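Content type CSV, C-alpha atoms, from the file my_file12.csv:
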```csv
chain,number,residue,atom,x,y,z
A,24,ALA,CA,138.4,147.4,59.1
A,25,GLN,CA,141.0,144.8,58.3
A,26,SER,CA,144.7,145.7,58.4
A,27,VAL,CA,148.1,144.1,58.2
A,28,ALA,CA,151.3,145.2,59.9
A,29,GLN,CA,154.8,144.3,58.9
A,30,PRO,CA,156.8,145.8,61.7
A,31,GLU,CA,160.3,145.6,60.1
A,32,ASP,CA,161.2,147.6,57.1
A,33,GLN,CA,164.2,145.5,56.5
A,34,VAL,CA,165.6,142.2,57.7
A,35,ASN,CA,169.2,141.2,57.3
A,36,VAL,CA,170.4,137.6,57.6
A,37,ALA,CA,173.5,135.7,56.5
A,38,GLU,CA,173.2,133.0,53.9
A,39,GLY,CA,172.6,129.6,55.5
A,40,ASN,CA,171.0,131.1,58.6
A,41,PRO,CA,167.2,130.8,59.3
A,42,LEU,CA,165.1,133.8,58.4
A,43,THR,CA,161.8,135.2,59.8
A,44,VAL,CA,159.7,138.0,58.3
A,45,LYS,CA,157.0,139.1,60.6
A,46,CYS,CA,153.4,139.8,59.9
A,47,THR,CA,150.5,140.6,62.2
A,48,TYR,CA,146.9,141.2,61.2
A,49,SER,CA,143.6,142.5,62.4
A,50,VAL,CA,140.2,141.3,61.1
A,51,SER,CA,136.7,140.9,62.4
A,52,GLY,CA,136.1,137.4,61.1
A,53,ASN,CA,138.4,134.5,60.3
A,54,PRO,CA,141.5,135.6,58.3
A,55,TYR,CA,142.6,134.4,54.9
A,56,LEU,CA,146.4,135.2,54.8
A,57,PHE,CA,148.8,135.4,51.9
A,58,TRP,CA,152.5,136.0,51.4
A,59,TYR,CA,154.0,137.4,48.2
A,60,VAL,CA,157.5,138.2,47.0
A,61,GLN,CA,158.6,141.0,44.7
A,62,TYR,CA,162.0,141.2,42.9
A,63,PRO,CA,163.2,144.7,41.7
A,64,ASN,CA,160.9,146.2,39.0
A,65,ARG,CA,158.8,143.1,38.8
A,66,GLY,CA,155.3,142.0,39.7
A,67,LEU,CA,154.5,140.1,42.9
A,68,GLN,CA,154.8,136.3,43.0
A,69,PHE,CA,152.6,134.2,45.2
A,70,LEU,CA,154.4,132.2,47.9
A,71,LEU,CA,151.8,130.6,50.1
A,72,LYS,CA,148.4,131.1,51.8
A,73,TYR,CA,146.6,130.1,54.9
A,74,ILE,CA,142.9,129.3,54.5
A,75,THR,CA,142.1,126.8,57.2
A,76,GLY,CA,143.5,123.7,58.8
A,77,ASP,CA,147.2,123.1,59.7
A,78,ASN,CA,148.8,126.2,61.2
A,79,LEU,CA,152.0,125.5,59.4
A,80,VAL,CA,151.7,126.2,55.7
A,81,LYS,CA,154.4,125.2,53.2
A,82,GLY,CA,154.9,127.2,50.0
A,83,SER,CA,157.2,127.9,47.1
A,84,TYR,CA,161.1,128.0,47.2
A,85,GLY,CA,161.3,126.4,50.7
A,86,PHE,CA,159.3,129.0,52.5
A,87,GLU,CA,156.8,128.3,55.1
A,88,ALA,CA,154.6,130.3,57.4
A,89,GLU,CA,153.0,129.7,60.8
A,90,PHE,CA,149.5,130.9,61.6
A,91,ASN,CA,149.0,131.9,65.2
A,92,LYS,CA,145.5,132.9,66.0
A,93,SER,CA,146.1,134.0,69.6
A,94,GLN,CA,148.9,136.3,68.5
A,95,THR,CA,147.2,137.3,65.3
A,96,SER,CA,150.4,136.6,63.4
A,97,PHE,CA,151.5,134.9,60.2
A,98,HIS,CA,155.3,135.0,60.1
A,99,LEU,CA,157.2,133.8,57.1
A,100,LYS,CA,160.1,131.5,57.7
A,101,LYS,CA,162.8,129.6,55.9
A,102,PRO,CA,165.3,127.3,57.6
A,103,SER,CA,168.3,128.3,55.5
A,104,ALA,CA,168.4,131.6,53.6
A,105,LEU,CA,169.9,132.1,50.1
A,106,VAL,CA,171.3,135.2,48.6
A,107,SER,CA,168.7,134.8,45.9
A,108,ASP,CA,166.0,135.2,48.5
A,109,SER,CA,166.8,138.9,48.8
A,110,ALA,CA,163.7,140.7,47.8
A,111,LEU,CA,160.6,142.6,49.1
A,112,TYR,CA,158.1,140.5,50.9
A,113,PHE,CA,154.4,141.4,51.3
A,114,CYS,CA,151.9,139.9,53.7
A,115,ALA,CA,148.2,140.3,52.8
A,116,VAL,CA,144.9,139.5,54.5
A,117,ARG,CA,141.2,139.0,53.6
A,118,ASP,CA,138.5,138.9,56.2
A,119,ALA,CA,136.2,135.8,55.8
A,120,GLY,CA,133.5,137.5,57.7
A,121,THR,CA,133.1,140.4,55.3
A,122,ALA,CA,134.5,138.8,52.1
A,123,SER,CA,136.4,142.1,51.7
A,124,LYS,CA,139.2,143.0,49.4
A,125,LEU,CA,142.8,141.9,49.8
A,126,THR,CA,144.7,144.3,52.1
A,127,PHE,CA,148.5,144.4,51.8
A,128,GLY,CA,151.2,145.3,54.4
A,129,THR,CA,153.8,147.9,53.5
A,130,GLY,CA,156.4,145.2,52.8
A,131,THR,CA,159.7,144.0,54.4
A,132,ARG,CA,162.9,144.1,52.5
A,133,LEU,CA,165.0,140.9,53.1
A,134,GLN,CA,168.7,141.2,52.5
A,135,VAL,CA,170.7,138.0,52.6
A,136,THR,CA,174.5,138.4,52.6
A,137,LEU,CA,177.3,135.9,52.1
B,4,ASP,CA,154.6,136.7,36.1
B,5,GLY,CA,153.5,134.1,33.6
B,6,GLY,CA,150.2,134.5,31.9
B,7,ILE,CA,149.7,138.2,32.5
B,8,THR,CA,151.2,140.8,30.3
B,9,GLN,CA,151.4,144.6,30.9
B,10,SER,CA,152.6,147.0,28.4
B,11,PRO,CA,154.6,149.1,28.2
B,12,LYS,CA,157.1,148.5,30.9
B,13,TYR,CA,157.9,152.2,31.2
B,14,LEU,CA,155.6,155.1,30.2
B,15,PHE,CA,156.3,158.8,30.2
B,16,ARG,CA,153.6,161.4,29.8
B,17,LYS,CA,153.2,165.2,30.2
B,18,GLU,CA,150.9,166.5,32.9
B,19,GLY,CA,147.3,167.0,31.6
B,20,GLN,CA,147.4,164.0,29.3
B,21,ASN,CA,145.3,160.9,29.7
B,22,VAL,CA,147.2,157.6,29.4
B,23,THR,CA,146.0,154.0,29.1
B,24,LEU,CA,147.9,151.0,30.6
B,25,SER,CA,147.3,147.6,29.0
B,26,CYS,CA,146.7,144.4,30.9
B,27,GLU,CA,146.1,141.1,29.2
B,28,GLN,CA,145.8,137.6,30.7
B,29,ASN,CA,145.6,134.2,29.1
B,30,LEU,CA,144.9,132.3,32.3
B,31,ASN,CA,141.1,132.2,31.7
B,32,HIS,CA,140.6,134.0,35.0
B,33,ASP,CA,137.3,135.7,35.7
B,34,ALA,CA,138.6,138.3,38.2
B,35,MET,CA,141.1,141.1,37.4
B,36,TYR,CA,142.5,143.9,39.5
B,37,TRP,CA,144.5,147.1,39.3
B,38,TYR,CA,146.9,148.2,42.0
B,39,ARG,CA,149.1,151.2,42.5
B,40,GLN,CA,152.4,150.8,44.4
B,41,ASP,CA,154.3,153.7,45.9
B,42,PRO,CA,157.5,153.4,48.0
B,43,GLY,CA,156.7,152.5,51.6
B,44,GLN,CA,153.0,152.2,51.1
B,45,GLY,CA,152.4,148.7,49.9
B,46,LEU,CA,149.8,148.1,47.2
B,47,ARG,CA,146.5,150.0,47.0
B,48,LEU,CA,143.5,148.7,45.0
B,49,ILE,CA,142.3,151.0,42.3
B,50,TYR,CA,139.6,149.0,40.5
B,51,TYR,CA,138.6,145.4,40.2
B,52,SER,CA,136.4,143.3,38.0
B,53,GLN,CA,134.8,140.0,39.0
B,54,ILE,CA,133.4,139.3,35.5
B,55,VAL,CA,133.2,140.7,32.0
B,56,ASN,CA,131.3,143.9,31.7
B,57,ASP,CA,131.3,144.5,35.4
B,58,PHE,CA,133.8,146.4,37.6
B,59,GLN,CA,133.9,148.1,41.0
B,60,LYS,CA,135.9,150.9,42.5
B,61,GLY,CA,138.7,150.1,44.9
B,62,ASP,CA,140.2,152.3,47.6
B,63,ILE,CA,141.7,154.9,45.4
B,64,ALA,CA,139.6,155.0,42.2
B,65,GLU,CA,139.5,158.8,41.8
B,66,GLY,CA,141.2,160.0,38.6
B,67,TYR,CA,141.2,156.5,37.1
B,68,SER,CA,138.8,154.6,34.8
B,69,VAL,CA,138.6,151.0,33.5
B,70,SER,CA,136.7,148.8,31.1
B,71,ARG,CA,136.2,145.1,30.9
B,72,GLU,CA,134.8,144.3,27.5
B,73,LYS,CA,136.7,141.0,27.1
B,74,LYS,CA,137.6,138.4,29.7
B,75,GLU,CA,141.3,138.6,28.9
B,76,SER,CA,141.6,142.4,28.9
B,77,PHE,CA,141.3,145.0,31.7
B,78,PRO,CA,142.9,148.3,30.6
B,79,LEU,CA,143.4,151.2,33.0
B,80,THR,CA,143.2,154.8,32.0
B,81,VAL,CA,145.0,157.4,34.2
B,82,THR,CA,143.2,160.6,33.6
B,83,SER,CA,144.4,164.2,34.0
B,84,ALA,CA,142.2,164.4,37.2
B,85,GLN,CA,144.6,162.0,39.0
B,86,LYS,CA,146.7,164.4,41.2
B,87,ASN,CA,149.8,162.2,41.6
B,88,PRO,CA,149.9,159.7,38.8
B,89,THR,CA,153.6,158.9,38.9
B,90,ALA,CA,153.7,155.3,40.3
B,91,PHE,CA,154.3,151.7,39.6
B,92,TYR,CA,151.0,150.1,38.4
B,93,LEU,CA,150.3,146.4,38.8
B,94,CYS,CA,147.6,144.3,37.2
B,95,ALA,CA,146.5,141.0,38.7
B,96,SER,CA,144.0,138.2,38.1
B,97,SER,CA,142.5,135.3,40.0
B,98,ILE,CA,140.4,132.3,39.0
B,99,GLY,CA,137.4,134.0,40.6
B,100,ALA,CA,136.6,136.6,43.2
B,101,ALA,CA,136.2,134.0,46.0
B,102,ILE,CA,138.1,134.9,49.1
B,103,SER,CA,140.4,131.9,49.1
B,104,TYR,CA,141.8,132.5,45.6
B,105,GLU,CA,145.3,133.9,45.3
B,106,GLN,CA,146.0,136.6,42.8
B,107,TYR,CA,148.6,136.4,40.1
B,108,PHE,CA,150.4,139.6,39.1
B,109,GLY,CA,151.8,141.0,35.8
B,110,PRO,CA,155.3,142.6,35.6
B,111,GLY,CA,154.0,146.1,36.1
B,112,THR,CA,154.1,149.4,34.3
B,113,ARG,CA,156.1,152.3,35.7
B,114,LEU,CA,154.4,155.6,34.8
B,115,THR,CA,156.2,158.9,35.1
B,116,VAL,CA,154.3,162.1,34.6
B,117,THR,CA,156.1,165.4,34.3
```
Could you render the structure from this file as C-alpha coordinates?
Amino acid sequence: AQSVAQPEDQVNVAEGNPLTVKCTYSVSGNPYLFWYVQYPNRGLQFLLKYITGDNLVKGSYGFEAEFNKSQTSFHLKKPSALVSDSALYFCAVRDAGTASKLTFGTGTRLQVTL
Amino acid sequence: DGGITQSPKYLFRKEGQNVTLSCEQNLNHDAMYWYRQDPGQGLRLIYYSQIVNDFQKGDIAEGYSVSREKKESFPLTVTSAQKNPTAFYLCASSIGAAISYEQYFGPGTRLTVT
(Lines of atoms letter the chains of each structure in order from A and count residues from 1; the text may use other names and numbers.)
(Lines give C-alpha, C1' and ligand atoms only; values in the text may rest on other atoms or scores of the structure.)
Protein backbone atom coordinates (compact mmCIF):
# COMPACT_ATOMS: atom_id res chain seq x y z
CA ALA A 1 0.00 0.00 0.00
CA GLN A 2 1.15 3.52 -0.71
CA SER A 3 1.84 5.97 2.09
CA VAL A 4 3.18 9.45 2.77
CA ALA A 5 5.00 10.69 5.85
CA GLN A 6 5.44 14.28 6.89
CA PRO A 7 7.71 13.89 9.90
CA GLU A 8 7.32 17.43 11.27
CA ASP A 9 4.01 18.64 12.67
CA GLN A 10 5.30 22.22 12.59
CA VAL A 11 8.18 24.11 11.03
CA ASN A 12 9.19 27.54 12.29
CA VAL A 13 11.29 29.91 10.20
CA ALA A 14 12.09 33.60 10.20
CA GLU A 15 10.99 35.73 7.27
CA GLY A 16 13.70 35.95 4.64
CA ASN A 17 15.26 32.63 5.59
CA PRO A 18 15.02 29.53 3.41
CA LEU A 19 12.38 26.97 4.33
CA THR A 20 12.08 23.23 3.88
CA VAL A 21 9.01 21.09 4.55
CA LYS A 22 9.84 17.40 4.47
CA CYS A 23 7.96 14.57 2.80
CA THR A 24 8.83 10.92 2.29
CA TYR A 25 6.75 8.36 0.46
CA SER A 26 6.33 4.66 -0.08
CA VAL A 27 4.92 3.15 -3.29
CA SER A 28 5.33 -0.08 -5.20
CA GLY A 29 5.65 1.54 -8.63
CA ASN A 30 6.79 4.94 -9.84
CA PRO A 31 5.43 7.81 -7.75
CA TYR A 32 3.38 10.78 -8.82
CA LEU A 33 3.88 13.42 -6.11
CA PHE A 34 1.95 16.58 -5.24
CA TRP A 35 2.16 19.46 -2.78
CA TYR A 36 -0.87 21.43 -1.62
CA VAL A 37 -1.28 24.37 0.77
CA GLN A 38 -4.23 25.11 3.01
CA TYR A 39 -5.00 28.44 4.65
CA PRO A 40 -7.29 28.49 7.73
CA ASN A 41 -10.86 27.34 7.04
CA ARG A 42 -10.17 27.11 3.31
CA GLY A 43 -9.81 24.37 0.74
CA LEU A 44 -6.47 23.10 -0.50
CA GLN A 45 -4.56 24.91 -3.23
CA PHE A 46 -2.32 23.03 -5.65
CA LEU A 47 1.34 24.12 -5.52
CA LEU A 48 3.28 21.72 -7.73
CA LYS A 49 3.66 18.14 -8.89
CA TYR A 50 6.32 15.66 -9.97
CA ILE A 51 5.37 13.27 -12.74
CA THR A 52 8.63 12.49 -14.50
CA GLY A 53 11.74 14.25 -15.79
CA ASP A 54 13.71 16.92 -13.96
CA ASN A 55 14.05 16.17 -10.26
CA LEU A 56 13.62 19.84 -9.34
CA VAL A 57 10.05 20.98 -9.84
CA LYS A 58 9.04 24.64 -9.71
CA GLY A 59 5.56 25.67 -8.65
CA SER A 60 3.37 28.53 -7.53
CA TYR A 61 4.37 31.40 -5.21
CA GLY A 62 8.12 30.72 -5.54
CA PHE A 63 7.94 27.19 -4.12
CA GLU A 64 9.93 24.30 -5.51
CA ALA A 65 10.38 20.66 -4.60
CA GLU A 66 13.16 18.18 -5.11
CA PHE A 67 12.41 14.58 -5.99
CA ASN A 68 14.99 12.12 -4.63
CA LYS A 69 14.28 8.56 -5.70
CA SER A 70 17.00 6.94 -3.62
CA GLN A 71 15.79 8.62 -0.45
CA THR A 72 12.09 8.36 -1.47
CA SER A 73 11.67 12.01 -0.60
CA PHE A 74 9.95 15.03 -2.11
CA HIS A 75 10.81 17.99 0.11
CA LEU A 76 9.18 21.37 -0.45
CA LYS A 77 11.50 24.36 -0.47
CA LYS A 78 11.51 28.12 -0.85
CA PRO A 79 14.66 30.29 -0.88
CA SER A 80 13.16 33.16 1.12
CA ALA A 81 10.10 32.70 3.36
CA LEU A 82 7.32 35.26 3.72
CA VAL A 83 4.96 35.71 6.67
CA SER A 84 2.13 35.11 4.20
CA ASP A 85 3.51 31.59 3.56
CA SER A 86 2.28 30.57 7.02
CA ALA A 87 -0.22 27.78 6.41
CA LEU A 88 -0.73 24.01 6.49
CA TYR A 89 1.14 22.08 3.80
CA PHE A 90 0.19 18.63 2.53
CA CYS A 91 2.23 16.19 0.51
CA ALA A 92 0.34 13.57 -1.53
CA VAL A 93 1.27 10.56 -3.66
CA ARG A 94 -0.19 8.30 -6.29
CA ASP A 95 1.39 5.02 -7.37
CA ALA A 96 1.83 4.78 -11.14
CA GLY A 97 2.02 1.01 -10.85
CA THR A 98 -1.45 0.64 -9.42
CA ALA A 99 -3.14 3.85 -10.62
CA SER A 100 -4.38 4.11 -7.08
CA LYS A 101 -6.10 6.93 -5.28
CA LEU A 102 -4.31 10.03 -4.03
CA THR A 103 -2.95 9.49 -0.52
CA PHE A 104 -2.26 12.54 1.65
CA GLY A 105 0.19 13.05 4.47
CA THR A 106 -1.01 14.40 7.80
CA GLY A 107 0.22 17.91 7.04
CA THR A 108 2.94 20.24 8.32
CA ARG A 109 2.13 23.63 9.76
CA LEU A 110 4.56 26.30 8.59
CA GLN A 111 4.92 29.34 10.83
CA VAL A 112 6.93 32.24 9.42
CA THR A 113 7.74 35.05 11.85
CA LEU A 114 9.17 38.53 11.46
CA ASP B 1 -10.72 27.77 -4.73
CA GLY B 2 -11.95 29.12 -8.05
CA GLY B 3 -14.49 27.15 -10.01
CA ILE B 4 -15.70 24.88 -7.21
CA THR B 5 -18.37 26.00 -4.80
CA GLN B 6 -19.50 24.27 -1.65
CA SER B 7 -22.46 25.30 0.38
CA PRO B 8 -23.10 26.05 3.09
CA LYS B 9 -19.79 27.04 4.71
CA TYR B 10 -21.03 26.01 8.16
CA LEU B 11 -23.74 23.45 8.87
CA PHE B 12 -25.24 22.38 12.15
CA ARG B 13 -27.43 19.31 12.61
CA LYS B 14 -28.91 17.24 15.38
CA GLU B 15 -27.80 13.66 15.77
CA GLY B 16 -29.99 11.25 13.82
CA GLN B 17 -30.68 13.61 10.93
CA ASN B 18 -29.41 13.13 7.42
CA VAL B 19 -27.73 16.14 5.83
CA THR B 20 -26.67 16.86 2.25
CA LEU B 21 -23.60 18.89 1.36
CA SER B 22 -23.54 20.64 -1.99
CA CYS B 23 -20.62 20.68 -4.44
CA GLU B 24 -20.76 22.39 -7.84
CA GLN B 25 -17.97 22.96 -10.34
CA ASN B 26 -17.88 25.02 -13.53
CA LEU B 27 -14.47 23.76 -14.69
CA ASN B 28 -15.92 21.13 -17.03
CA HIS B 29 -14.01 18.48 -15.09
CA ASP B 30 -14.99 14.84 -15.46
CA ALA B 31 -13.78 13.59 -12.09
CA MET B 32 -15.02 14.71 -8.68
CA TYR B 33 -14.10 13.69 -5.15
CA TRP B 34 -15.24 14.03 -1.54
CA TYR B 35 -12.76 14.10 1.32
CA ARG B 36 -13.10 14.37 5.05
CA GLN B 37 -10.52 16.29 7.08
CA ASP B 38 -10.00 15.77 10.80
CA PRO B 39 -7.27 17.45 12.86
CA GLY B 40 -3.96 15.63 12.61
CA GLN B 41 -5.25 13.03 10.14
CA GLY B 42 -4.83 14.65 6.77
CA LEU B 43 -7.50 14.06 4.15
CA ARG B 44 -9.39 10.80 3.75
CA LEU B 45 -11.29 9.89 0.60
CA ILE B 46 -15.02 9.23 1.03
CA TYR B 47 -16.30 8.79 -2.54
CA TYR B 48 -15.16 9.64 -6.03
CA SER B 49 -16.72 9.81 -9.46
CA GLN B 50 -14.80 9.52 -12.71
CA ILE B 51 -17.77 10.31 -14.94
CA VAL B 52 -21.45 11.18 -14.79
CA ASN B 53 -23.72 8.44 -13.40
CA ASP B 54 -20.77 6.54 -11.97
CA PHE B 55 -19.09 6.66 -8.56
CA GLN B 56 -16.93 4.47 -6.35
CA LYS B 57 -16.37 4.13 -2.63
CA GLY B 58 -13.24 5.57 -1.14
CA ASP B 59 -11.51 4.59 2.07
CA ILE B 60 -14.24 5.69 4.50
CA ALA B 61 -17.55 5.44 2.63
CA GLU B 62 -19.61 3.91 5.45
CA GLY B 63 -22.42 6.21 6.53
CA TYR B 64 -22.18 8.39 3.41
CA SER B 65 -23.92 8.40 0.03
CA VAL B 66 -23.44 10.36 -3.20
CA SER B 67 -25.01 10.89 -6.59
CA ARG B 68 -23.61 12.14 -9.89
CA GLU B 69 -26.56 12.95 -12.12
CA LYS B 70 -24.91 15.99 -13.70
CA LYS B 71 -21.31 16.63 -14.65
CA GLU B 72 -21.10 19.78 -12.58
CA SER B 73 -22.70 18.48 -9.39
CA PHE B 74 -21.62 15.86 -6.83
CA PRO B 75 -23.68 16.14 -3.62
CA LEU B 76 -22.71 14.20 -0.50
CA THR B 77 -25.27 12.96 2.02
CA VAL B 78 -24.11 12.30 5.55
CA THR B 79 -26.53 9.78 6.97
CA SER B 80 -27.45 9.02 10.55
CA ALA B 81 -25.39 5.82 10.20
CA GLN B 82 -22.16 7.83 10.18
CA LYS B 83 -20.84 7.48 13.73
CA ASN B 84 -18.65 10.59 13.87
CA PRO B 85 -19.97 13.04 11.30
CA THR B 86 -18.52 16.23 12.76
CA ALA B 87 -15.66 17.22 10.43
CA PHE B 88 -14.51 19.53 7.68
CA TYR B 89 -15.67 18.21 4.28
CA LEU B 90 -13.83 19.06 1.10
CA CYS B 91 -14.97 18.55 -2.47
CA ALA B 92 -12.46 18.40 -5.33
CA SER B 93 -12.41 17.91 -9.07
CA SER B 94 -9.86 17.10 -11.75
CA ILE B 95 -9.88 17.17 -15.54
CA GLY B 96 -10.02 13.41 -15.55
CA ALA B 97 -9.19 10.48 -13.36
CA ALA B 98 -5.77 9.96 -14.93
CA ILE B 99 -2.99 9.64 -12.43
CA SER B 100 -1.09 12.78 -13.43
CA TYR B 101 -3.95 15.23 -13.03
CA GLU B 102 -3.95 17.47 -9.99
CA GLN B 103 -7.13 18.01 -8.04
CA TYR B 104 -8.71 21.38 -7.40
CA PHE B 105 -10.52 21.92 -4.13
CA GLY B 106 -13.57 23.84 -3.01
CA PRO B 107 -13.59 26.01 0.13
CA GLY B 108 -15.09 23.27 2.31
CA THR B 109 -18.10 22.79 4.57
CA ARG B 110 -17.68 22.49 8.31
CA LEU B 111 -20.34 20.15 9.66
CA THR B 112 -21.14 20.02 13.34
CA VAL B 113 -23.52 17.37 14.66
CA THR B 114 -24.71 17.57 18.26
Can you check which parts of chain B lie within 10 Å of chain A? Per residue, the shortest pair of atoms and distance in Å to one decimal, counting only C-alpha atoms, sorted by chain and number, as a tab-separated table.
```
residue	atom	partner	partner_atom	distance
B:Asp4	CA	A:Gly66	CA	6.4
B:Gly5	CA	A:Gln68	CA	9.7
B:Ile7	CA	A:Gly66	CA	9.9
B:Gln9	CA	A:Gly66	CA	10.0
B:Lys12	CA	A:Asn64	CA	9.2
B:Gln40	CA	A:Thr129	CA	9.7
B:Asp41	CA	A:Thr129	CA	9.6
B:Pro42	CA	A:Thr129	CA	8.6
B:Gly43	CA	A:Thr129	CA	5.8
B:Gln44	CA	A:Thr129	CA	5.0
B:Gly45	CA	A:Thr129	CA	3.9
B:Leu46	CA	A:Phe127	CA	6.0
B:Arg47	CA	A:Phe127	CA	7.6
B:Leu48	CA	A:Leu125	CA	8.4
B:Tyr51	CA	A:Lys124	CA	9.5
B:Gly61	CA	A:Lys124	CA	8.4
B:Asp62	CA	A:Lys124	CA	9.5
B:Phe91	CA	A:Asn64	CA	8.6
B:Tyr92	CA	A:Gly66	CA	9.3
B:Leu93	CA	A:Gly66	CA	6.7
B:Cys94	CA	A:Gly66	CA	8.4
B:Ala95	CA	A:Gly66	CA	8.9
B:Ala100	CA	A:Lys124	CA	9.3
B:Ala101	CA	A:Ala122	CA	7.9
B:Ile102	CA	A:Ala122	CA	6.1
B:Ser103	CA	A:Ile74	CA	6.5
B:Tyr104	CA	A:Lys72	CA	9.2
B:Glu105	CA	A:Phe69	CA	7.3
B:Gln106	CA	A:Phe69	CA	7.4
B:Tyr107	CA	A:Phe69	CA	6.8
B:Phe108	CA	A:Gly66	CA	5.5
B:Gly109	CA	A:Gly66	CA	5.3
B:Pro110	CA	A:Gly66	CA	4.1
B:Gly111	CA	A:Gly66	CA	5.6
B:Thr112	CA	A:Asn64	CA	8.9
B:Arg113	CA	A:Asn64	CA	8.4
```
Just to confirm, what's the straight-line distance from atom CA of B:Gly6 to atom CA of B:Lys60 in Å (one decimal)?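 Atom CA of B:Lys60 lies 24.2 Å from atom CA of B:Gly6.
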Choose the residue, out of A:Leu79, A:Gly85, A:Arg132, A:Val34, that has the smallest atom-to-atom separation from A:Pro102; count only C-alpha atoms.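 Distance minimum relative to A:Pro102 lands on A:Gly85.
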For A:Ser107, which residue among A:Ala28, A:Leu137, A:Cys46, A:Val80 is the nearest when counting all atoms listed in the file?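 Ranked by minimum distance to A:Ser107, first place goes to A:Leu137.
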Rounded to one decimal in Å, what is the spacing between atom CA of B:Thr23 and atom CA of B:Gln53?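 It comes out at 20.5 Å.
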B:Glu18 environment, 10 Å, all atoms listed in the file, sequence neighbours closer than 2 positions dropped, as a PyMOL selection string: chain B and resi 15-16+20-21+82-88+115-117
Residue nearest A:Asn53 - candidates A:Thr95, A:Ser109, A:Thr136, A:Asn35, atoms counted: all atoms listed in the file: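 Smallest separation from A:Asn53 among the options: A:Thr95.
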Is there a way to complete stretch 43-66 of chain B with N, CA, C and O atoms and then write that out as an mmCIF file, in the frame of the given file?
```cif
data_model
loop_
_atom_site.group_PDB
_atom_site.id
_atom_site.type_symbol
_atom_site.label_atom_id
_atom_site.label_comp_id
_atom_site.auth_asym_id
_atom_site.auth_seq_id
_atom_site.Cartn_x
_atom_site.Cartn_y
_atom_site.Cartn_z
ATOM 1 N N GLY B 43 157.095 152.432 50.199
ATOM 2 C CA GLY B 43 156.700 152.500 51.600
ATOM 3 C C GLY B 43 155.250 152.382 51.903
ATOM 4 O O GLY B 43 154.843 152.465 53.059
ATOM 5 N N GLN B 44 154.424 152.212 50.855
ATOM 6 C CA GLN B 44 153.000 152.200 51.100
ATOM 7 C C GLN B 44 152.319 150.889 50.715
ATOM 8 O O GLN B 44 151.117 150.765 50.781
ATOM 9 N N GLY B 45 153.063 149.910 50.292
ATOM 10 C CA GLY B 45 152.400 148.700 49.900
ATOM 11 C C GLY B 45 151.608 148.861 48.633
ATOM 12 O O GLY B 45 151.827 149.796 47.860
ATOM 13 N N LEU B 46 150.636 147.995 48.421
ATOM 14 C CA LEU B 46 149.800 148.100 47.200
ATOM 15 C C LEU B 46 148.412 148.591 47.627
ATOM 16 O O LEU B 46 147.844 148.170 48.638
ATOM 17 N N ARG B 47 147.873 149.460 46.802
ATOM 18 C CA ARG B 47 146.500 150.000 47.000
ATOM 19 C C ARG B 47 145.658 149.666 45.815
ATOM 20 O O ARG B 47 146.065 149.887 44.684
ATOM 21 N N LEU B 48 144.447 149.201 46.099
ATOM 22 C CA LEU B 48 143.500 148.700 45.000
ATOM 23 C C LEU B 48 142.862 149.928 44.375
ATOM 24 O O LEU B 48 142.242 150.762 45.037
ATOM 25 N N ILE B 49 142.927 149.957 43.039
ATOM 26 C CA ILE B 49 142.300 151.000 42.300
ATOM 27 C C ILE B 49 140.925 150.618 41.789
ATOM 28 O O ILE B 49 139.925 151.274 42.076
ATOM 29 N N TYR B 50 140.861 149.551 41.022
ATOM 30 C CA TYR B 50 139.600 149.000 40.500
ATOM 31 C C TYR B 50 139.735 147.484 40.458
ATOM 32 O O TYR B 50 140.828 146.952 40.380
ATOM 33 N N TYR B 51 138.585 146.812 40.463
ATOM 34 C CA TYR B 51 138.600 145.400 40.200
ATOM 35 C C TYR B 51 137.339 144.971 39.477
ATOM 36 O O TYR B 51 136.327 145.668 39.485
ATOM 37 N N SER B 52 137.457 143.823 38.824
ATOM 38 C CA SER B 52 136.400 143.300 38.000
ATOM 39 C C SER B 52 136.213 141.827 38.301
ATOM 40 O O SER B 52 137.162 141.064 38.175
ATOM 41 N N GLN B 53 135.027 141.429 38.668
ATOM 42 C CA GLN B 53 134.800 140.000 39.000
ATOM 43 C C GLN B 53 134.352 139.234 37.760
ATOM 44 O O GLN B 53 134.458 138.008 37.738
ATOM 45 N N ILE B 54 133.871 139.952 36.735
ATOM 46 C CA ILE B 54 133.400 139.300 35.500
ATOM 47 C C ILE B 54 133.311 140.282 34.411
ATOM 48 O O ILE B 54 133.320 141.506 34.665
ATOM 49 N N VAL B 55 133.243 139.794 33.213
ATOM 50 C CA VAL B 55 133.200 140.700 32.000
ATOM 51 C C VAL B 55 132.022 141.640 32.143
ATOM 52 O O VAL B 55 130.950 141.294 32.640
ATOM 53 N N ASN B 56 132.263 142.873 31.702
ATOM 54 C CA ASN B 56 131.300 143.900 31.700
ATOM 55 C C ASN B 56 130.827 144.400 33.075
ATOM 56 O O ASN B 56 129.767 145.025 33.220
ATOM 57 N N ASP B 57 131.635 144.100 34.056
ATOM 58 C CA ASP B 57 131.300 144.500 35.400
ATOM 59 C C ASP B 57 132.640 144.929 36.120
ATOM 60 O O ASP B 57 133.637 144.213 36.002
ATOM 61 N N PHE B 58 132.637 146.036 36.857
ATOM 62 C CA PHE B 58 133.800 146.400 37.600
ATOM 63 C C PHE B 58 133.372 147.309 38.785
ATOM 64 O O PHE B 58 132.295 147.931 38.746
ATOM 65 N N GLN B 59 134.207 147.333 39.818
ATOM 66 C CA GLN B 59 133.900 148.100 41.000
ATOM 67 C C GLN B 59 135.113 148.969 41.398
ATOM 68 O O GLN B 59 136.266 148.600 41.138
ATOM 69 N N LYS B 60 134.844 150.073 42.056
ATOM 70 C CA LYS B 60 135.900 150.900 42.500
ATOM 71 C C LYS B 60 136.607 150.283 43.735
ATOM 72 O O LYS B 60 135.976 149.650 44.576
ATOM 73 N N GLY B 61 137.908 150.504 43.774
ATOM 74 C CA GLY B 61 138.700 150.100 44.900
ATOM 75 C C GLY B 61 138.829 151.246 45.900
ATOM 76 O O GLY B 61 137.984 152.130 45.993
ATOM 77 N N ASP B 62 139.962 151.249 46.595
ATOM 78 C CA ASP B 62 140.200 152.300 47.600
ATOM 79 C C ASP B 62 140.595 153.626 47.098
ATOM 80 O O ASP B 62 140.409 154.636 47.769
ATOM 81 N N ILE B 63 141.185 153.649 45.902
ATOM 82 C CA ILE B 63 141.700 154.900 45.400
ATOM 83 C C ILE B 63 141.338 155.112 43.922
ATOM 84 O O ILE B 63 142.174 155.380 43.076
ATOM 85 N N ALA B 64 140.069 155.013 43.607
ATOM 86 C CA ALA B 64 139.600 155.000 42.200
ATOM 87 C C ALA B 64 139.586 156.438 41.595
ATOM 88 O O ALA B 64 139.520 156.563 40.354
ATOM 89 N N GLU B 65 139.625 157.478 42.385
ATOM 90 C CA GLU B 65 139.500 158.800 41.800
ATOM 91 C C GLU B 65 140.615 159.146 40.855
ATOM 92 O O GLU B 65 141.792 158.984 41.157
ATOM 93 N N GLY B 66 140.219 159.611 39.662
ATOM 94 C CA GLY B 66 141.200 160.000 38.600
ATOM 95 C C GLY B 66 141.566 158.816 37.728
ATOM 96 O O GLY B 66 142.417 158.971 36.854
#
```
